[in-house]
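Encoded as structure tokens, the structure appears first; notes follow it.
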Amino acid sequence: MASPAGVGAVVAGAAVVTLLSVALTLYGPPLDAVLKRAFSLHKAHSIKDMENTFQLVRNIIPPLATKKHKGQDGRIGIVGGCQEYTGAPYFAAISALKVGADLSHVFCTREAAPVIKSYSPELIVHPVLDSPDAVQEVEKWLPRLHALVVGPGLGRDDAVLENVKLRDPVDGSDCRGAVLRLSQALGNVTVVQKGEQDVISDGKQVLECSLQGSNRRCGGQGDLLSGSLGVLVHWALHAGPEKTNGFSPLLVAAFGACSLTRQCNHQAFQKHGRSTTTTTMIAEIGPAFSKLFET
């Protein structure tokens, strides 16, 4: 984990597993209906247990206040984006903003920059990732960022991959054991592997998030997850274990991001069915966040 003087945490993108790697609409059933299909820690939890877990996520969410300044609730960096893949870093960065971050930076290749800029004027885009001094260009921004999401849309260019030094995904044959061992091998960083059930481990505990999403598997959902996770990691680390009742703040952040992504998927599918895309999921971030964490 990066030090607080640099970046609050380093968050893996959709294609990578390192740190961290719905019958509801806005007017749908009450929250306890969500909880019944939500989250397990080795064994089935009671509704009260799951309500407590959601409450831990609520505890880390900073209140909106007039005295706050721009950037206080999250300055998130996204490292990714090449000529072929411009959507992924955009999905991650805009998701971070819609969850509640104040600023989103995208560090991408030069060819990707004008395309990503055209998607939204709300993103700060740095066309540096394929330059000879890419590492230095990104490093000088790290003290200003609270979290860094590495991975969305990196592509397969050897020079770019060397600059970010990614690790391979874990083996899917034994998800729980593999994620646990990967976390331990990396020094007990928090790892998330998304799948039919999202598996989360800090090398000590293994959690599964099984909140109902849908059967739609459109590309980009992991980018929504990673961008959301970047914000929640910052909030969780800032809140500290006293707001999570001694539970790992990173596990709480991971639970929140996994639940939110699945809820967005479910709500979008209820409206669009087979036409569901990540764009329609992102439109559900606000209502889904409110349903899970603000009711």
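Lettering and numbering for the structure tokens are positional, with chains as A, B, ... in the shown order, residues counted from 1 in each chain, and ligands counted from 1 in the shown order.
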From a DSSP pass on the backbone, collect the residues of stretch 200-260 of chain A flagged as alpha helix (DSSP H) and hand them back as a PyMOL selection string. chain A and resi 221-239+249-260
Go ahead and write the selection's residues with N, CA, C and O atoms as a compact mmCIF listing (two decimals), in the first residue's frame.
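For reference, result_16.txt as written:
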```txt
# COMPACT_ATOMS: atom_id res chain seq x y z
N GLN A 221 -17.99 -3.11 -17.04
CA GLN A 221 -18.50 -3.14 -15.67
C GLN A 221 -17.37 -3.11 -14.65
O GLN A 221 -17.51 -2.51 -13.57
N GLY A 222 -16.25 -3.74 -14.98
CA GLY A 222 -15.10 -3.70 -14.08
C GLY A 222 -14.50 -2.30 -13.97
O GLY A 222 -13.90 -1.96 -12.95
N ASP A 223 -14.68 -1.50 -15.01
CA ASP A 223 -14.19 -0.12 -14.96
C ASP A 223 -15.04 0.71 -14.02
O ASP A 223 -14.53 1.55 -13.27
N LEU A 224 -16.36 0.48 -14.07
CA LEU A 224 -17.24 1.13 -13.10
C LEU A 224 -16.85 0.73 -11.68
O LEU A 224 -16.77 1.57 -10.78
N LEU A 225 -16.59 -0.56 -11.50
CA LEU A 225 -16.19 -1.07 -10.18
C LEU A 225 -14.90 -0.42 -9.71
O LEU A 225 -14.80 0.05 -8.57
N SER A 226 -13.90 -0.36 -10.58
CA SER A 226 -12.60 0.16 -10.14
C SER A 226 -12.65 1.66 -9.85
O SER A 226 -12.03 2.14 -8.89
N GLY A 227 -13.40 2.42 -10.66
CA GLY A 227 -13.53 3.84 -10.38
C GLY A 227 -14.25 4.11 -9.08
O GLY A 227 -13.84 4.96 -8.28
N SER A 228 -15.33 3.36 -8.84
CA SER A 228 -16.07 3.48 -7.58
C SER A 228 -15.19 3.10 -6.40
O SER A 228 -15.22 3.75 -5.34
N LEU A 229 -14.42 2.06 -6.60
CA LEU A 229 -13.55 1.56 -5.54
C LEU A 229 -12.49 2.58 -5.15
O LEU A 229 -12.16 2.73 -3.97
N GLY A 230 -11.97 3.28 -6.14
CA GLY A 230 -10.97 4.30 -5.84
C GLY A 230 -11.49 5.34 -4.86
O GLY A 230 -10.80 5.74 -3.91
N VAL A 231 -12.73 5.79 -5.07
CA VAL A 231 -13.32 6.79 -4.19
C VAL A 231 -13.57 6.20 -2.80
O VAL A 231 -13.23 6.82 -1.78
N LEU A 232 -14.16 5.01 -2.75
CA LEU A 232 -14.49 4.41 -1.46
C LEU A 232 -13.24 4.06 -0.66
O LEU A 232 -13.26 4.12 0.58
N VAL A 233 -12.16 3.69 -1.33
CA VAL A 233 -10.90 3.43 -0.63
C VAL A 233 -10.42 4.71 0.06
O VAL A 233 -10.02 4.69 1.23
N HIS A 234 -10.47 5.82 -0.66
CA HIS A 234 -10.07 7.09 -0.04
C HIS A 234 -10.94 7.41 1.16
O HIS A 234 -10.44 7.75 2.25
N TRP A 235 -12.25 7.29 0.99
CA TRP A 235 -13.15 7.59 2.11
C TRP A 235 -12.90 6.67 3.30
O TRP A 235 -12.92 7.11 4.45
N ALA A 236 -12.69 5.38 3.00
CA ALA A 236 -12.50 4.41 4.09
C ALA A 236 -11.21 4.68 4.85
O ALA A 236 -11.18 4.62 6.08
N LEU A 237 -10.13 4.95 4.13
CA LEU A 237 -8.86 5.21 4.80
C LEU A 237 -8.90 6.51 5.58
O LEU A 237 -8.30 6.63 6.65
N HIS A 238 -9.61 7.49 5.05
CA HIS A 238 -9.74 8.77 5.76
C HIS A 238 -10.58 8.60 7.02
O HIS A 238 -10.28 9.18 8.07
N ALA A 239 -11.63 7.79 6.93
CA ALA A 239 -12.50 7.55 8.09
C ALA A 239 -11.78 6.75 9.16
O ALA A 239 -11.93 7.01 10.36
N PRO A 249 -10.87 -1.15 6.91
CA PRO A 249 -11.50 -0.14 6.06
C PRO A 249 -11.50 -0.52 4.58
O PRO A 249 -12.44 -0.20 3.86
N LEU A 250 -10.44 -1.22 4.14
CA LEU A 250 -10.36 -1.59 2.73
C LEU A 250 -11.38 -2.66 2.37
O LEU A 250 -11.93 -2.68 1.26
N LEU A 251 -11.64 -3.60 3.29
CA LEU A 251 -12.67 -4.60 3.04
C LEU A 251 -14.05 -3.93 2.97
O LEU A 251 -14.88 -4.32 2.15
N VAL A 252 -14.27 -2.95 3.82
CA VAL A 252 -15.54 -2.22 3.79
C VAL A 252 -15.68 -1.49 2.46
O VAL A 252 -16.76 -1.50 1.83
N ALA A 253 -14.61 -0.84 2.01
CA ALA A 253 -14.64 -0.14 0.73
C ALA A 253 -14.93 -1.10 -0.41
O ALA A 253 -15.72 -0.80 -1.32
N ALA A 254 -14.28 -2.26 -0.39
CA ALA A 254 -14.48 -3.25 -1.44
C ALA A 254 -15.92 -3.75 -1.46
O ALA A 254 -16.53 -3.91 -2.52
N PHE A 255 -16.47 -4.02 -0.28
CA PHE A 255 -17.86 -4.43 -0.19
C PHE A 255 -18.78 -3.39 -0.79
O PHE A 255 -19.71 -3.68 -1.55
N GLY A 256 -18.54 -2.13 -0.45
CA GLY A 256 -19.37 -1.05 -0.97
C GLY A 256 -19.31 -0.94 -2.48
O GLY A 256 -20.34 -0.80 -3.14
N ALA A 257 -18.10 -1.03 -3.04
CA ALA A 257 -17.95 -0.89 -4.49
C ALA A 257 -18.56 -2.07 -5.24
O ALA A 257 -19.22 -1.89 -6.27
N CYS A 258 -18.35 -3.28 -4.72
CA CYS A 258 -18.93 -4.46 -5.37
C CYS A 258 -20.45 -4.41 -5.32
O CYS A 258 -21.13 -4.69 -6.32
N SER A 259 -21.00 -4.04 -4.18
CA SER A 259 -22.46 -3.96 -4.04
C SER A 259 -23.03 -2.90 -4.97
O SER A 259 -24.07 -3.11 -5.62
N LEU A 260 -22.38 -1.75 -5.03
CA LEU A 260 -22.86 -0.66 -5.86
C LEU A 260 -22.86 -1.05 -7.34
O LEU A 260 -23.82 -0.78 -8.07
```
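Atom CA of A:Cys209 is found 18.2 Å from atom CA of A:Val189.
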Give me the residues near A:Met281 as JSON, numbers by chain, where near means some atom within 8 Å (using only C-alpha atoms) and where sequence neighbours in that chain fewer than 4 positions away do not count. {"A": [264, 265, 267, 268, 276, 277, 285]}
Take the residues just selected and output them with all heavy atoms as a PDB file, in the first residue's frame.
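Heads up, here's the output in selection.pdb:
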```pdb
ATOM      1  N   CYS A 264     -26.163  -1.292  -9.704  1.00  0.00           N
ATOM      2  CA  CYS A 264     -26.285  -0.541 -10.960  1.00  0.00           C
ATOM      3  C   CYS A 264     -26.636  -1.469 -12.113  1.00  0.00           C
ATOM      4  O   CYS A 264     -27.479  -1.143 -12.965  1.00  0.00           O
ATOM      5  CB  CYS A 264     -24.980   0.195 -11.264  1.00  0.00           C
ATOM      6  SG  CYS A 264     -24.614   1.586 -10.181  1.00  0.00           S
ATOM      7  N   ASN A 265     -25.985  -2.636 -12.149  1.00  0.00           N
ATOM      8  CA  ASN A 265     -26.247  -3.604 -13.201  1.00  0.00           C
ATOM      9  C   ASN A 265     -27.697  -4.077 -13.145  1.00  0.00           C
ATOM     10  O   ASN A 265     -28.384  -4.172 -14.169  1.00  0.00           O
ATOM     11  CB  ASN A 265     -25.284  -4.781 -13.073  1.00  0.00           C
ATOM     12  CG  ASN A 265     -25.512  -5.839 -14.136  1.00  0.00           C
ATOM     13  OD1 ASN A 265     -26.225  -6.813 -13.902  1.00  0.00           O
ATOM     14  ND2 ASN A 265     -24.909  -5.646 -15.294  1.00  0.00           N
ATOM     15  N   GLN A 267     -30.371  -2.583 -11.726  1.00  0.00           N
ATOM     16  CA  GLN A 267     -31.323  -1.528 -12.048  1.00  0.00           C
ATOM     17  C   GLN A 267     -31.345  -1.217 -13.535  1.00  0.00           C
ATOM     18  O   GLN A 267     -32.416  -1.007 -14.118  1.00  0.00           O
ATOM     19  CB  GLN A 267     -31.002  -0.270 -11.242  1.00  0.00           C
ATOM     20  CG  GLN A 267     -31.258  -0.431  -9.753  1.00  0.00           C
ATOM     21  CD  GLN A 267     -30.984   0.828  -8.939  1.00  0.00           C
ATOM     22  OE1 GLN A 267     -30.986   0.777  -7.713  1.00  0.00           O
ATOM     23  NE2 GLN A 267     -30.751   1.938  -9.588  1.00  0.00           N
ATOM     24  N   ALA A 268     -30.160  -1.173 -14.156  1.00  0.00           N
ATOM     25  CA  ALA A 268     -30.099  -0.907 -15.596  1.00  0.00           C
ATOM     26  C   ALA A 268     -30.773  -2.022 -16.384  1.00  0.00           C
ATOM     27  O   ALA A 268     -31.494  -1.773 -17.363  1.00  0.00           O
ATOM     28  CB  ALA A 268     -28.648  -0.744 -16.037  1.00  0.00           C
ATOM     29  N   THR A 276     -28.808  -3.366 -22.111  1.00  0.00           N
ATOM     30  CA  THR A 276     -28.006  -2.782 -21.038  1.00  0.00           C
ATOM     31  C   THR A 276     -26.541  -2.663 -21.446  1.00  0.00           C
ATOM     32  O   THR A 276     -25.945  -3.607 -21.968  1.00  0.00           O
ATOM     33  CB  THR A 276     -28.106  -3.646 -19.768  1.00  0.00           C
ATOM     34  OG1 THR A 276     -29.475  -3.689 -19.348  1.00  0.00           O
ATOM     35  CG2 THR A 276     -27.252  -3.076 -18.646  1.00  0.00           C
ATOM     36  N   THR A 277     -25.966  -1.512 -21.225  1.00  0.00           N
ATOM     37  CA  THR A 277     -24.537  -1.282 -21.438  1.00  0.00           C
ATOM     38  C   THR A 277     -23.971  -0.595 -20.201  1.00  0.00           C
ATOM     39  O   THR A 277     -24.719  -0.178 -19.298  1.00  0.00           O
ATOM     40  CB  THR A 277     -24.278  -0.389 -22.662  1.00  0.00           C
ATOM     41  OG1 THR A 277     -24.870   0.903 -22.426  1.00  0.00           O
ATOM     42  CG2 THR A 277     -24.867  -0.997 -23.933  1.00  0.00           C
ATOM     43  N   ILE A 285     -25.840   5.056 -11.125  1.00  0.00           N
ATOM     44  CA  ILE A 285     -24.983   5.174  -9.935  1.00  0.00           C
ATOM     45  C   ILE A 285     -25.662   5.986  -8.847  1.00  0.00           C
ATOM     46  O   ILE A 285     -25.680   5.582  -7.668  1.00  0.00           O
ATOM     47  CB  ILE A 285     -23.610   5.769 -10.300  1.00  0.00           C
ATOM     48  CG1 ILE A 285     -22.789   4.745 -11.098  1.00  0.00           C
ATOM     49  CG2 ILE A 285     -22.847   6.174  -9.028  1.00  0.00           C
ATOM     50  CD1 ILE A 285     -21.437   5.263 -11.562  1.00  0.00           C
TER      51      ILE A 285
END
```
Close residues, stretch 76-83 of chain A itself excluded, 8 Å, only C-alpha atoms, min 2 positions apart in chain, as an NGL selection string: :A and (74 or 85-89 or 92-93 or 96 or 101 or 103-113 or 129 or 145-155 or 227 or 230-231)
Residue nearest A:Gln212 among A:His266, A:His69, A:Arg181, A:Lys243 (counting only C-alpha atoms): A:His266
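DSSP annotation of stretch 176-286 of chain A from backbone atoms: strand (DSSP E or B) residues are Val191, Val192, Gln193, Asp198, Val199, Ile200, Ser201, Val206, Leu207, Glu208 and Cys209 of chain A.
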Atoms kept (all heavy atoms) for selection, written as an mmCIF file, in the first residue's frame:
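Result saved to part_18.cif:
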```
data_model
loop_
_atom_site.group_PDB
_atom_site.id
_atom_site.type_symbol
_atom_site.label_atom_id
_atom_site.label_comp_id
_atom_site.auth_asym_id
_atom_site.auth_seq_id
_atom_site.Cartn_x
_atom_site.Cartn_y
_atom_site.Cartn_z
ATOM 1 N N VAL A 191 -7.425 -7.509 -2.092
ATOM 2 C CA VAL A 191 -7.605 -7.959 -3.473
ATOM 3 C C VAL A 191 -9.083 -8.220 -3.729
ATOM 4 O O VAL A 191 -9.768 -8.811 -2.895
ATOM 5 C CB VAL A 191 -6.798 -9.254 -3.743
ATOM 6 C CG1 VAL A 191 -7.108 -9.809 -5.131
ATOM 7 C CG2 VAL A 191 -5.307 -8.999 -3.594
ATOM 8 N N VAL A 192 -9.562 -7.781 -4.870
ATOM 9 C CA VAL A 192 -10.919 -8.089 -5.310
ATOM 10 C C VAL A 192 -10.850 -8.798 -6.651
ATOM 11 O O VAL A 192 -10.189 -8.315 -7.575
ATOM 12 C CB VAL A 192 -11.771 -6.810 -5.468
ATOM 13 C CG1 VAL A 192 -13.120 -7.146 -6.102
ATOM 14 C CG2 VAL A 192 -11.975 -6.131 -4.140
ATOM 15 N N GLN A 193 -11.504 -9.938 -6.743
ATOM 16 C CA GLN A 193 -11.691 -10.583 -8.036
ATOM 17 C C GLN A 193 -13.179 -10.593 -8.345
ATOM 18 O O GLN A 193 -13.977 -11.204 -7.625
ATOM 19 C CB GLN A 193 -11.158 -12.014 -8.059
ATOM 20 C CG GLN A 193 -11.275 -12.639 -9.455
ATOM 21 C CD GLN A 193 -10.801 -14.078 -9.491
ATOM 22 O OE1 GLN A 193 -11.044 -14.841 -8.564
ATOM 23 N NE2 GLN A 193 -10.125 -14.445 -10.557
ATOM 24 N N ASP A 198 -18.286 -11.837 -6.313
ATOM 25 C CA ASP A 198 -17.040 -11.097 -6.150
ATOM 26 C C ASP A 198 -16.336 -11.603 -4.897
ATOM 27 O O ASP A 198 -16.944 -11.703 -3.829
ATOM 28 C CB ASP A 198 -17.316 -9.599 -6.020
ATOM 29 C CG ASP A 198 -17.975 -9.037 -7.270
ATOM 30 O OD1 ASP A 198 -17.680 -9.527 -8.366
ATOM 31 O OD2 ASP A 198 -18.788 -8.099 -7.133
ATOM 32 N N VAL A 199 -15.046 -11.941 -5.035
ATOM 33 C CA VAL A 199 -14.263 -12.483 -3.926
ATOM 34 C C VAL A 199 -13.282 -11.420 -3.461
ATOM 35 O O VAL A 199 -12.548 -10.845 -4.267
ATOM 36 C CB VAL A 199 -13.518 -13.768 -4.342
ATOM 37 C CG1 VAL A 199 -12.745 -14.347 -3.149
ATOM 38 C CG2 VAL A 199 -14.495 -14.805 -4.895
ATOM 39 N N ILE A 200 -13.280 -11.171 -2.160
ATOM 40 C CA ILE A 200 -12.479 -10.101 -1.571
ATOM 41 C C ILE A 200 -11.643 -10.692 -0.448
ATOM 42 O O ILE A 200 -12.145 -11.447 0.370
ATOM 43 C CB ILE A 200 -13.377 -8.989 -0.990
ATOM 44 C CG1 ILE A 200 -14.419 -8.541 -2.001
ATOM 45 C CG2 ILE A 200 -12.546 -7.812 -0.486
ATOM 46 C CD1 ILE A 200 -15.575 -7.768 -1.386
ATOM 47 N N SER A 201 -10.350 -10.348 -0.398
ATOM 48 C CA SER A 201 -9.519 -10.827 0.704
ATOM 49 C C SER A 201 -8.424 -9.821 1.026
ATOM 50 O O SER A 201 -7.901 -9.146 0.138
ATOM 51 C CB SER A 201 -8.871 -12.176 0.356
ATOM 52 O OG SER A 201 -8.066 -12.631 1.437
ATOM 53 N N VAL A 206 -11.642 -13.866 3.867
ATOM 54 C CA VAL A 206 -12.142 -13.965 2.503
ATOM 55 C C VAL A 206 -13.633 -13.677 2.530
ATOM 56 O O VAL A 206 -14.380 -14.338 3.250
ATOM 57 C CB VAL A 206 -11.888 -15.358 1.894
ATOM 58 C CG1 VAL A 206 -12.456 -15.422 0.474
ATOM 59 C CG2 VAL A 206 -10.399 -15.671 1.878
ATOM 60 N N LEU A 207 -14.055 -12.679 1.789
ATOM 61 C CA LEU A 207 -15.454 -12.293 1.728
ATOM 62 C C LEU A 207 -15.990 -12.545 0.331
ATOM 63 O O LEU A 207 -15.236 -12.509 -0.645
ATOM 64 C CB LEU A 207 -15.612 -10.810 2.066
ATOM 65 C CG LEU A 207 -14.897 -10.264 3.299
ATOM 66 C CD1 LEU A 207 -15.147 -8.775 3.415
ATOM 67 C CD2 LEU A 207 -15.358 -10.988 4.545
ATOM 68 N N GLU A 208 -17.286 -12.763 0.215
ATOM 69 C CA GLU A 208 -17.936 -12.892 -1.077
ATOM 70 C C GLU A 208 -19.122 -11.945 -1.147
ATOM 71 O O GLU A 208 -19.935 -11.899 -0.224
ATOM 72 C CB GLU A 208 -18.408 -14.327 -1.323
ATOM 73 C CG GLU A 208 -17.271 -15.306 -1.570
ATOM 74 C CD GLU A 208 -17.766 -16.698 -1.919
ATOM 75 O OE1 GLU A 208 -19.003 -16.893 -1.940
ATOM 76 O OE2 GLU A 208 -16.922 -17.576 -2.167
ATOM 77 N N CYS A 209 -19.215 -11.197 -2.220
ATOM 78 C CA CYS A 209 -20.357 -10.330 -2.464
ATOM 79 C C CYS A 209 -21.202 -10.974 -3.552
ATOM 80 O O CYS A 209 -20.735 -11.123 -4.692
ATOM 81 C CB CYS A 209 -19.905 -8.941 -2.893
ATOM 82 S SG CYS A 209 -21.274 -7.799 -3.184
#
```
